[in-house]
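Everything below belongs to upload-v9.txt, which stores compact mmCIF, C-alpha atoms and all ligand atoms.
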# COMPACT_ATOMS: atom_id res chain seq x y z
CA MET A 30 134.90 7.72 207.20
CA ILE A 31 135.40 4.68 209.43
CA VAL A 32 138.31 2.37 208.51
CA LEU A 33 139.57 -0.67 210.38
CA GLY A 34 143.19 -0.35 211.51
CA ILE A 35 145.24 -3.44 212.38
CA ASP A 36 148.69 -3.16 213.96
CA ILE A 37 150.83 -6.28 213.64
CA GLY A 38 153.67 -6.53 216.14
CA GLY A 39 156.03 -9.19 217.45
CA SER A 40 153.94 -9.90 220.56
CA GLY A 41 150.41 -8.73 219.73
CA ILE A 42 148.04 -8.06 216.85
CA LYS A 43 145.66 -5.21 217.66
CA GLY A 44 142.76 -3.84 215.68
CA ALA A 45 139.94 -1.32 215.98
CA PRO A 46 137.69 0.75 213.74
CA VAL A 47 138.90 4.33 213.48
CA ASP A 48 137.07 7.54 212.67
CA THR A 49 139.63 8.84 210.18
CA ALA A 50 138.36 12.43 210.35
CA ALA A 51 138.81 12.62 214.12
CA GLY A 52 141.66 10.14 214.59
CA LEU A 53 139.73 8.28 217.27
CA LEU A 54 138.87 4.63 217.83
CA THR A 55 135.12 4.09 217.54
CA ALA A 56 135.13 0.80 219.46
CA LYS A 57 137.32 -0.92 222.03
CA ARG A 58 140.26 -2.53 220.29
CA ILE A 59 140.69 -6.30 219.99
CA ARG A 60 144.18 -7.56 220.89
CA LEU A 61 145.24 -11.13 220.18
CA PRO A 62 148.70 -12.60 220.77
CA THR A 63 150.98 -12.91 217.75
CA PRO A 64 151.12 -16.64 217.03
CA PRO A 65 154.53 -18.27 217.28
CA PRO A 66 155.86 -18.71 214.65
CA ALA A 67 154.28 -15.66 213.00
CA ARG A 68 154.27 -17.12 209.49
CA PRO A 69 152.05 -15.48 206.89
CA ALA A 70 149.28 -18.10 207.18
CA ASP A 71 149.33 -17.93 211.01
CA VAL A 72 149.11 -14.15 211.06
CA ALA A 73 146.39 -14.17 208.39
CA GLU A 74 144.28 -16.43 210.63
CA VAL A 75 144.51 -14.01 213.56
CA VAL A 76 143.77 -11.07 211.29
CA LYS A 77 140.62 -12.81 210.07
CA LYS A 78 139.48 -13.26 213.69
CA ILE A 79 139.83 -9.52 214.31
CA VAL A 80 137.99 -8.60 211.09
CA ASP A 81 135.22 -11.09 211.95
CA GLY A 82 135.18 -9.81 215.54
CA PHE A 83 134.06 -6.42 214.23
CA ASN A 84 131.94 -8.02 211.50
CA TRP A 85 133.95 -5.73 209.22
CA LYS A 86 133.37 -5.40 205.49
CA GLY A 87 135.08 -2.11 204.60
CA PRO A 88 138.68 -1.01 203.96
CA VAL A 89 141.45 -2.16 206.30
CA GLY A 90 144.86 -0.56 206.94
CA PHE A 91 147.66 -2.76 208.26
CA THR A 92 151.01 -2.07 209.86
CA MET A 93 153.88 -4.52 209.52
CA PRO A 94 157.27 -4.49 211.30
CA GLY A 95 159.39 -4.37 208.18
CA ARG A 96 159.97 -2.65 204.87
CA VAL A 97 156.80 -2.75 202.73
CA LYS A 98 156.87 -1.72 199.10
CA HIS A 99 153.62 -1.83 197.14
CA GLY A 100 152.23 -4.38 199.57
CA VAL A 101 155.24 -6.72 199.40
CA MET A 102 157.46 -7.28 202.45
CA HIS A 103 161.15 -6.75 201.80
CA THR A 104 162.30 -7.30 205.40
CA ALA A 105 160.65 -8.65 208.55
CA ALA A 106 161.58 -7.99 212.18
CA ASN A 107 160.19 -9.96 215.13
CA ILE A 108 157.93 -12.00 212.87
CA ASP A 109 158.74 -15.09 210.80
CA ASN A 110 161.27 -14.73 207.96
CA GLY A 111 158.71 -16.35 205.68
CA TRP A 112 157.29 -12.83 205.29
CA VAL A 113 160.30 -11.66 203.32
CA GLY A 114 159.20 -11.54 199.68
CA ALA A 115 155.58 -12.26 200.62
CA ASP A 116 152.80 -10.10 199.20
CA ALA A 117 151.22 -9.02 202.50
CA GLN A 118 148.54 -7.03 200.72
CA GLN A 119 147.41 -10.07 198.71
CA ILE A 120 147.56 -12.32 201.78
CA PHE A 121 145.34 -9.96 203.79
CA VAL A 122 142.93 -9.39 200.89
CA GLN A 123 142.49 -13.15 200.64
CA ALA A 124 142.10 -13.56 204.41
CA THR A 125 139.56 -10.76 204.84
CA GLY A 126 137.84 -10.17 201.48
CA CYS A 127 138.34 -6.45 202.15
CA PRO A 128 140.31 -3.76 200.29
CA VAL A 129 143.67 -3.55 202.04
CA MET A 130 146.60 -1.17 202.43
CA VAL A 131 149.83 -2.22 204.20
CA LEU A 132 152.54 0.07 205.54
CA ASN A 133 155.50 -0.04 207.89
CA ASP A 134 154.56 0.27 211.58
CA ALA A 135 156.69 3.35 212.33
CA ASP A 136 155.52 5.01 209.13
CA ALA A 137 151.94 4.40 210.30
CA ALA A 138 152.69 5.80 213.78
CA GLY A 139 154.20 8.86 212.12
CA VAL A 140 151.21 9.30 209.82
CA ALA A 141 148.94 9.30 212.89
CA GLU A 142 151.11 11.76 214.83
CA MET A 143 151.33 14.08 211.81
CA ALA A 144 147.55 14.04 211.34
CA PHE A 145 146.32 14.05 214.94
CA GLY A 146 149.20 14.13 217.43
CA ALA A 147 152.55 15.71 218.18
CA GLY A 148 153.31 16.57 214.53
CA ARG A 149 149.98 18.17 213.65
CA ALA A 150 150.40 20.87 211.00
CA SER A 151 154.21 20.59 211.14
CA GLN A 152 156.11 21.67 208.06
CA GLY A 153 159.79 21.07 207.29
CA VAL A 154 161.56 17.80 208.07
CA VAL A 155 159.89 15.76 210.80
CA LEU A 156 161.27 12.49 212.06
CA MET A 157 159.18 10.03 214.03
CA LEU A 158 161.25 7.49 215.98
CA THR A 159 159.66 4.60 217.84
CA PHE A 160 161.63 2.91 220.61
CA GLY A 161 160.50 -0.60 221.43
CA THR A 162 161.93 -4.02 220.61
CA GLY A 163 163.62 -2.25 217.68
CA ILE A 164 163.80 1.35 216.53
CA GLY A 165 161.32 2.34 213.86
CA SER A 166 161.41 5.54 211.83
CA GLY A 167 158.99 7.63 209.80
CA LEU A 168 160.40 10.58 207.85
CA PHE A 169 158.19 13.46 206.64
CA CYS A 170 158.99 16.44 204.47
CA ASN A 171 156.32 19.16 204.54
CA GLY A 172 153.83 16.57 205.73
CA ILE A 173 154.64 14.00 203.04
CA LEU A 174 155.91 10.60 204.14
CA VAL A 175 159.18 9.25 202.72
CA PRO A 176 158.37 5.58 203.42
CA ASN A 177 160.55 2.73 204.63
CA THR A 178 163.52 4.70 205.96
CA GLU A 179 164.37 1.96 208.53
CA LEU A 180 166.71 4.20 210.50
CA GLY A 181 166.89 1.66 213.31
CA HIS A 182 169.19 -0.24 210.98
CA LEU A 183 171.81 2.49 210.74
CA ARG A 184 175.18 1.22 211.96
CA LEU A 185 176.31 2.17 215.44
CA HIS A 186 179.27 0.50 217.17
CA GLY A 187 179.48 -2.14 214.45
CA ASP A 188 175.88 -3.33 214.72
CA LYS A 189 172.36 -2.11 213.95
CA ALA A 190 171.65 0.98 216.03
CA GLU A 191 168.47 -0.62 217.39
CA ALA A 192 170.53 -3.40 219.00
CA TYR A 193 172.29 -0.67 221.00
CA ALA A 194 169.64 1.95 221.69
CA ALA A 195 166.14 0.44 221.41
CA ALA A 196 164.03 0.26 224.57
CA SER A 197 164.68 -3.49 224.60
CA ALA A 198 168.45 -2.80 224.94
CA LYS A 199 167.77 -0.96 228.21
CA LYS A 200 166.10 -4.04 229.63
CA ARG A 201 168.56 -6.54 228.14
CA ASP A 202 171.65 -4.70 229.38
CA ASN A 203 170.06 -3.63 232.66
CA LEU A 204 170.71 0.05 231.98
CA THR A 205 169.65 2.99 234.12
CA TRP A 206 167.58 5.65 232.35
CA ARG A 207 170.69 7.84 232.30
CA ASP A 208 172.82 5.13 230.65
CA TRP A 209 170.14 4.36 228.13
CA ALA A 210 169.64 8.07 227.36
CA GLY A 211 173.39 8.25 226.68
CA ARG A 212 172.99 5.58 224.01
CA VAL A 213 169.92 7.27 222.55
CA GLN A 214 171.87 10.54 222.44
CA GLU A 215 174.62 8.89 220.36
CA TYR A 216 171.95 7.59 218.02
CA LEU A 217 170.20 10.95 217.76
CA ASP A 218 173.52 12.70 217.02
CA HIS A 219 174.01 10.34 214.10
CA VAL A 220 170.47 10.80 212.80
CA GLU A 221 170.64 14.60 213.17
CA PHE A 222 173.87 14.68 211.20
CA LEU A 223 172.20 12.79 208.34
CA PHE A 224 168.78 14.48 208.17
CA ALA A 225 168.88 17.75 210.16
CA PRO A 226 165.23 17.38 211.16
CA ASP A 227 163.23 20.36 212.45
CA LEU A 228 161.17 18.18 214.76
CA ILE A 229 161.80 14.76 216.29
CA ILE A 230 158.83 12.85 217.73
CA LEU A 231 159.76 10.15 220.20
CA GLY A 232 157.30 7.26 220.20
CA GLY A 233 156.89 3.69 221.38
CA GLY A 234 156.28 2.57 224.98
CA VAL A 235 158.86 5.09 226.28
CA SER A 236 156.67 7.99 225.09
CA ARG A 237 154.25 7.57 228.01
CA PRO A 238 154.35 10.69 230.22
CA LYS A 239 155.57 8.73 233.26
CA LYS A 240 158.56 7.38 231.32
CA VAL A 241 159.34 10.54 229.36
CA LYS A 242 160.05 12.32 232.65
CA LYS A 243 162.94 9.94 233.29
CA TYR A 244 165.03 10.68 230.22
CA LEU A 245 163.79 13.46 227.94
CA HIS A 246 165.68 16.15 229.93
CA LEU A 247 168.90 14.16 229.38
CA LEU A 248 168.67 14.39 225.58
CA LYS A 249 169.88 17.31 223.52
CA THR A 250 169.15 17.93 219.85
CA THR A 251 169.12 20.98 217.63
CA ALA A 252 165.69 19.80 216.46
CA ARG A 253 162.71 20.42 218.69
CA MET A 254 161.99 17.10 220.38
CA VAL A 255 158.60 16.03 221.72
CA PRO A 256 157.00 12.80 222.92
CA ALA A 257 154.38 11.16 220.74
CA GLN A 258 150.80 11.78 221.85
CA LEU A 259 148.91 8.76 220.58
CA GLU A 260 150.95 6.15 222.45
CA ASN A 261 150.05 2.60 221.55
CA GLU A 262 147.08 3.54 219.38
CA ALA A 263 149.25 5.35 216.84
CA GLY A 264 149.77 2.26 214.66
CA ILE A 265 146.06 1.45 214.43
CA ILE A 266 145.09 5.07 213.75
CA GLY A 267 147.87 5.64 211.20
CA ALA A 268 147.10 2.42 209.32
CA ALA A 269 143.41 3.31 209.13
CA TYR A 270 144.17 6.89 208.10
CA ALA A 271 146.52 5.72 205.34
CA ALA A 272 143.83 3.36 204.01
CA ARG A 273 141.01 5.89 204.08
CA SER A 274 141.01 6.40 200.30
CA LEU A 275 140.37 2.71 199.56
CA GLN A 276 136.89 1.96 198.28
CA ALA A 277 134.69 -0.36 200.34
CA ALA A 278 134.41 -3.88 198.88
C1 LIG B 301 162.11 -2.98 211.79
C2 LIG B 301 161.25 -1.82 211.33
C3 LIG B 301 160.21 -1.48 212.36
C4 LIG B 301 160.85 -1.28 213.71
C5 LIG B 301 159.81 -1.05 214.78
C6 LIG B 301 162.67 -2.67 213.16
O1 LIG B 301 163.41 -3.74 213.62
O2 LIG B 301 163.15 -3.20 210.90
O3 LIG B 301 160.63 -2.13 210.10
O4 LIG B 301 159.56 -0.30 211.95
O5 LIG B 301 161.62 -2.40 214.07
O6 LIG B 301 158.95 -2.14 214.91

Represent the structure of the file as structure tokens.
Amino acid sequence: MIVLGIDIGGSGIKGAPVDTAAGLLTAKRIRLPTPPPARPADVAEVVKKIVDGFNWKGPVGFTMPGRVKHGVMHTAANIDNGWVGADAQQIFVQATGCPVMVLNDADAAGVAEMAFGAGRASQGVVLMLTFGTGIGSGLFCNGILVPNTELGHLRLHGDKAEAYAAASAKKRDNLTWRDWAGRVQEYLDHVEFLFAPDLIILGGGVSRPKKVKKYLHLLKTTARMVPAQLENEAGIIGAAYAARSLQAA
């Protein structure tokens, strides 16, 4: 089944149709910049352009950078605060006329990795962590997602852990890979203590093979630790996969 996946981030909104049996994009993705400010109506307009761009009429899966419960946003990171309390599902149904499913971006990336990437067929406790502007998390137990864990918001040194150890902190504080890996290690120690995962999948921009080489050997966990395999398509693929049971309009 082909489902349109749309990944909404702080800098770009990306969409493509996905073959949800194979986990592959069936057309080149469309990427449009996230409008500043990224208020619900502004984002809905961009989303409509992507849906129209593919002349799409079927189900659509969306990722959002925040906690999403039953389609409603409970937090919002790197997009306008006007999303908090907004019914994203309703907003996107109205904008597109399509059946819609909305989930957290890291949950979606995890869903994609579990179905088609680094977590394929993994049992036990699997933790997907995405390192970017923030830190996103997707927790799975025997393949089932425990949604909205938001482990980037755990406290570390008196602030959110993502302020200390996200990929953006490396850039902001001008850290070497070694220094940054030291911070990530502190974070991973904390997370391991809480969840004792069997497998940790590291995602986000730092999961590209060229980058992984610079820090993965510096990290030590009792869990097996592997880089994500779907890179920046994971959000689109996971969103589409999660929405595959929706009926076409
Ligand atoms: C947000 C999460 C999101 C993560 C990655 C965090 O700041 O709170 O919802 O998954 O960033 O985008």

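If only C-alpha atoms are the atoms counted, then among A:Asn261, A:Gln152, A:Thr49, A:Thr250 the closest residue to Asp36 (chain A) is A:Asn261.
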
Any chance you could tabulate, as a Markdown table, the residues of chain A at most 8 Å from ligand LIG 301 (chain B) with each one's nearest atom pair and distance in Å to one decimal, using all atoms listed in the file, in chain and rising number order?
| residue | atom | partner | partner_atom | distance |
| --- | --- | --- | --- | --- |
| A:Gly38 | CA | B:LIG301 | O6 | 7.0 |
| A:Met93 | CA | B:LIG301 | O3 | 7.2 |
| A:Pro94 | CA | B:LIG301 | O3 | 4.3 |
| A:Gly95 | CA | B:LIG301 | O3 | 3.2 |
| A:Arg96 | CA | B:LIG301 | O3 | 5.3 |
| A:Thr104 | CA | B:LIG301 | O2 | 6.9 |
| A:Ala105 | CA | B:LIG301 | O2 | 6.4 |
| A:Ala106 | CA | B:LIG301 | O1 | 4.8 |
| A:Asn107 | CA | B:LIG301 | O1 | 7.2 |
| A:Asn133 | CA | B:LIG301 | O4 | 5.7 |
| A:Asp134 | CA | B:LIG301 | O4 | 5.0 |
| A:Ala135 | CA | B:LIG301 | O4 | 4.7 |
| A:Asp136 | CA | B:LIG301 | O4 | 7.2 |
| A:Thr159 | CA | B:LIG301 | C5 | 6.4 |
| A:Phe160 | CA | B:LIG301 | C5 | 7.3 |
| A:Gly161 | CA | B:LIG301 | C5 | 6.7 |
| A:Thr162 | CA | B:LIG301 | O6 | 6.7 |
| A:Gly163 | CA | B:LIG301 | O5 | 4.1 |
| A:Ile164 | CA | B:LIG301 | C4 | 4.9 |
| A:Gly165 | CA | B:LIG301 | C4 | 3.7 |
| A:Ser166 | CA | B:LIG301 | O4 | 6.1 |
| A:Asn177 | CA | B:LIG301 | O3 | 7.3 |
| A:Glu179 | CA | B:LIG301 | C2 | 5.6 |
| A:Gly181 | CA | B:LIG301 | C6 | 6.0 |
| A:His182 | CA | B:LIG301 | O2 | 6.7 |
| A:Glu191 | CA | B:LIG301 | O1 | 7.0 |

Would you put the residues from that selection into a file with C-alpha atoms, as a compact mmCIF listing (two decimals), keeping the file's coordinate frame?
# COMPACT_ATOMS: atom_id res chain seq x y z
CA GLY A 38 153.67 -6.53 216.14
CA MET A 93 153.88 -4.52 209.52
CA PRO A 94 157.27 -4.49 211.30
CA GLY A 95 159.39 -4.37 208.18
CA ARG A 96 159.97 -2.65 204.87
CA THR A 104 162.30 -7.30 205.40
CA ALA A 105 160.65 -8.65 208.55
CA ALA A 106 161.58 -7.99 212.18
CA ASN A 107 160.19 -9.96 215.13
CA ASN A 133 155.50 -0.04 207.89
CA ASP A 134 154.56 0.27 211.58
CA ALA A 135 156.69 3.35 212.33
CA ASP A 136 155.52 5.01 209.13
CA THR A 159 159.66 4.60 217.84
CA PHE A 160 161.63 2.91 220.61
CA GLY A 161 160.50 -0.60 221.43
CA THR A 162 161.93 -4.02 220.61
CA GLY A 163 163.62 -2.25 217.68
CA ILE A 164 163.80 1.35 216.53
CA GLY A 165 161.32 2.34 213.86
CA SER A 166 161.41 5.54 211.83
CA ASN A 177 160.55 2.73 204.63
CA GLU A 179 164.37 1.96 208.53
CA GLY A 181 166.89 1.66 213.31
CA HIS A 182 169.19 -0.24 210.98
CA GLU A 191 168.47 -0.62 217.39

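Selection around (142.9, -2.7, 221.9) with radius 7 Å, counting all atoms listed in the file, yields the residues Lys43, Gly44, Ala45, Lys57, Arg58, Ile59 and Arg60 of chain A.
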
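Once all atoms listed in the file are considered, the residues situated within 10 Å of the file point (147.1, 13.6, 212.8) turn out to be Thr49, Ala50, Ala51, Gly52, Ala138, Gly139, Val140, Ala141, Glu142, Met143, Ala144, Phe145, Gly146, Ala147, Gly148, Arg149, Ala150, Gln258, Leu259, Ala263, Ile266, Gly267 and Tyr270 of chain A.
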
Residue contacts of Arg273 (chain A) (9 Å, all atoms listed in the file) excluding same-chain residues fewer than 3 positions away, as an mmCIF file with C-alpha atoms, keeping the file's coordinate frame:
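Printed below is out_6.cif as written:
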data_model
loop_
_atom_site.group_PDB
_atom_site.id
_atom_site.type_symbol
_atom_site.label_atom_id
_atom_site.label_comp_id
_atom_site.auth_asym_id
_atom_site.auth_seq_id
_atom_site.Cartn_x
_atom_site.Cartn_y
_atom_site.Cartn_z
ATOM 1 C CA MET A 30 134.900 7.720 207.200
ATOM 2 C CA ILE A 31 135.400 4.680 209.430
ATOM 3 C CA VAL A 32 138.310 2.370 208.510
ATOM 4 C CA THR A 49 139.630 8.840 210.180
ATOM 5 C CA PRO A 88 138.680 -1.010 203.960
ATOM 6 C CA VAL A 89 141.450 -2.160 206.300
ATOM 7 C CA GLY A 90 144.860 -0.560 206.940
ATOM 8 C CA ALA A 268 147.100 2.420 209.320
ATOM 9 C CA ALA A 269 143.410 3.310 209.130
ATOM 10 C CA TYR A 270 144.170 6.890 208.100
ATOM 11 C CA GLN A 276 136.890 1.960 198.280
#

> What does the distance from CA of Ile173 (chain A) to CA of Met254 (chain A) come to in Å, to one decimal?
Replying inline: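 Computing the Euclidean distance for CA of Ile173 (chain A) and CA of Met254 (chain A) yields 19.1 Å.
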
Can I get N, CA and C atoms for region 213-250 of chain A, as a compact mmCIF listing (two decimals), in the first residue's frame?
# COMPACT_ATOMS: atom_id res chain seq x y z
N VAL A 213 27.42 12.86 25.36
CA VAL A 213 26.44 11.84 24.96
C VAL A 213 26.57 10.63 25.88
N GLN A 214 27.81 10.30 26.25
CA GLN A 214 28.03 9.17 27.16
C GLN A 214 27.32 9.40 28.50
N GLU A 215 27.43 10.60 29.03
CA GLU A 215 26.74 10.91 30.30
C GLU A 215 25.24 10.69 30.14
N TYR A 216 24.74 11.15 29.00
CA TYR A 216 23.31 11.02 28.73
C TYR A 216 22.91 9.54 28.62
N LEU A 217 23.72 8.79 27.87
CA LEU A 217 23.41 7.37 27.67
C LEU A 217 23.47 6.60 28.99
N ASP A 218 24.41 6.97 29.87
CA ASP A 218 24.50 6.31 31.18
C ASP A 218 23.19 6.48 31.94
N HIS A 219 22.66 7.70 31.89
CA HIS A 219 21.43 8.03 32.57
C HIS A 219 20.26 7.21 31.99
N VAL A 220 20.18 7.19 30.68
CA VAL A 220 19.09 6.49 29.99
C VAL A 220 19.19 4.98 30.23
N GLU A 221 20.41 4.46 30.22
CA GLU A 221 20.60 3.01 30.45
C GLU A 221 20.16 2.64 31.86
N PHE A 222 20.47 3.51 32.80
CA PHE A 222 20.09 3.25 34.19
C PHE A 222 18.56 3.16 34.30
N LEU A 223 17.86 4.01 33.56
CA LEU A 223 16.39 4.03 33.66
C LEU A 223 15.70 2.89 32.92
N PHE A 224 16.23 2.52 31.73
CA PHE A 224 15.47 1.61 30.87
C PHE A 224 16.17 0.29 30.54
N ALA A 225 17.44 0.18 30.82
CA ALA A 225 18.22 -1.04 30.52
C ALA A 225 17.87 -1.60 29.14
N PRO A 226 18.00 -0.80 28.09
CA PRO A 226 17.62 -1.32 26.77
C PRO A 226 18.56 -2.44 26.31
N ASP A 227 18.04 -3.28 25.41
CA ASP A 227 18.89 -4.31 24.79
C ASP A 227 19.62 -3.74 23.59
N LEU A 228 18.94 -2.81 22.92
CA LEU A 228 19.51 -2.22 21.70
C LEU A 228 19.25 -0.72 21.70
N ILE A 229 20.28 0.05 21.37
CA ILE A 229 20.09 1.50 21.20
C ILE A 229 20.41 1.83 19.74
N ILE A 230 19.47 2.52 19.09
CA ILE A 230 19.69 2.94 17.70
C ILE A 230 19.94 4.44 17.71
N LEU A 231 21.08 4.83 17.18
CA LEU A 231 21.42 6.26 17.17
C LEU A 231 21.02 6.85 15.82
N GLY A 232 20.14 7.84 15.85
CA GLY A 232 19.66 8.43 14.60
C GLY A 232 19.88 9.93 14.55
N GLY A 233 19.28 10.55 13.54
CA GLY A 233 19.50 11.98 13.30
C GLY A 233 20.68 12.15 12.35
N GLY A 234 21.03 13.39 12.07
CA GLY A 234 22.11 13.68 11.11
C GLY A 234 23.43 13.00 11.46
N VAL A 235 23.68 12.78 12.76
CA VAL A 235 24.96 12.17 13.18
C VAL A 235 25.00 10.66 12.92
N SER A 236 23.93 10.10 12.34
CA SER A 236 23.95 8.66 12.06
C SER A 236 24.53 8.36 10.68
N ARG A 237 24.88 9.40 9.92
CA ARG A 237 25.49 9.14 8.61
C ARG A 237 26.84 8.46 8.81
N PRO A 238 27.17 7.47 7.96
CA PRO A 238 28.39 6.68 8.15
C PRO A 238 29.65 7.54 8.36
N LYS A 239 29.76 8.63 7.62
CA LYS A 239 30.95 9.48 7.73
C LYS A 239 31.08 10.07 9.13
N LYS A 240 29.95 10.40 9.75
CA LYS A 240 29.97 11.03 11.07
C LYS A 240 30.11 9.98 12.17
N VAL A 241 29.43 8.85 11.98
CA VAL A 241 29.45 7.79 12.98
C VAL A 241 30.89 7.39 13.32
N LYS A 242 31.72 7.36 12.28
CA LYS A 242 33.13 6.98 12.45
C LYS A 242 33.86 7.86 13.46
N LYS A 243 33.36 9.08 13.64
CA LYS A 243 34.07 10.04 14.49
C LYS A 243 33.78 9.88 15.97
N TYR A 244 32.69 9.20 16.31
CA TYR A 244 32.37 9.16 17.75
C TYR A 244 31.87 7.82 18.28
N LEU A 245 31.36 6.94 17.40
CA LEU A 245 30.72 5.73 17.93
C LEU A 245 31.69 4.91 18.80
N HIS A 246 32.96 4.84 18.37
CA HIS A 246 33.96 4.05 19.12
C HIS A 246 34.26 4.67 20.49
N LEU A 247 33.83 5.91 20.71
CA LEU A 247 34.09 6.56 22.00
C LEU A 247 32.99 6.28 23.02
N LEU A 248 31.89 5.69 22.54
CA LEU A 248 30.73 5.46 23.43
C LEU A 248 30.70 4.02 23.92
N LYS A 249 30.27 3.87 25.16
CA LYS A 249 30.22 2.52 25.74
C LYS A 249 28.89 2.31 26.45
N THR A 250 28.17 1.27 26.03
CA THR A 250 26.90 0.97 26.71
C THR A 250 26.81 -0.54 26.89
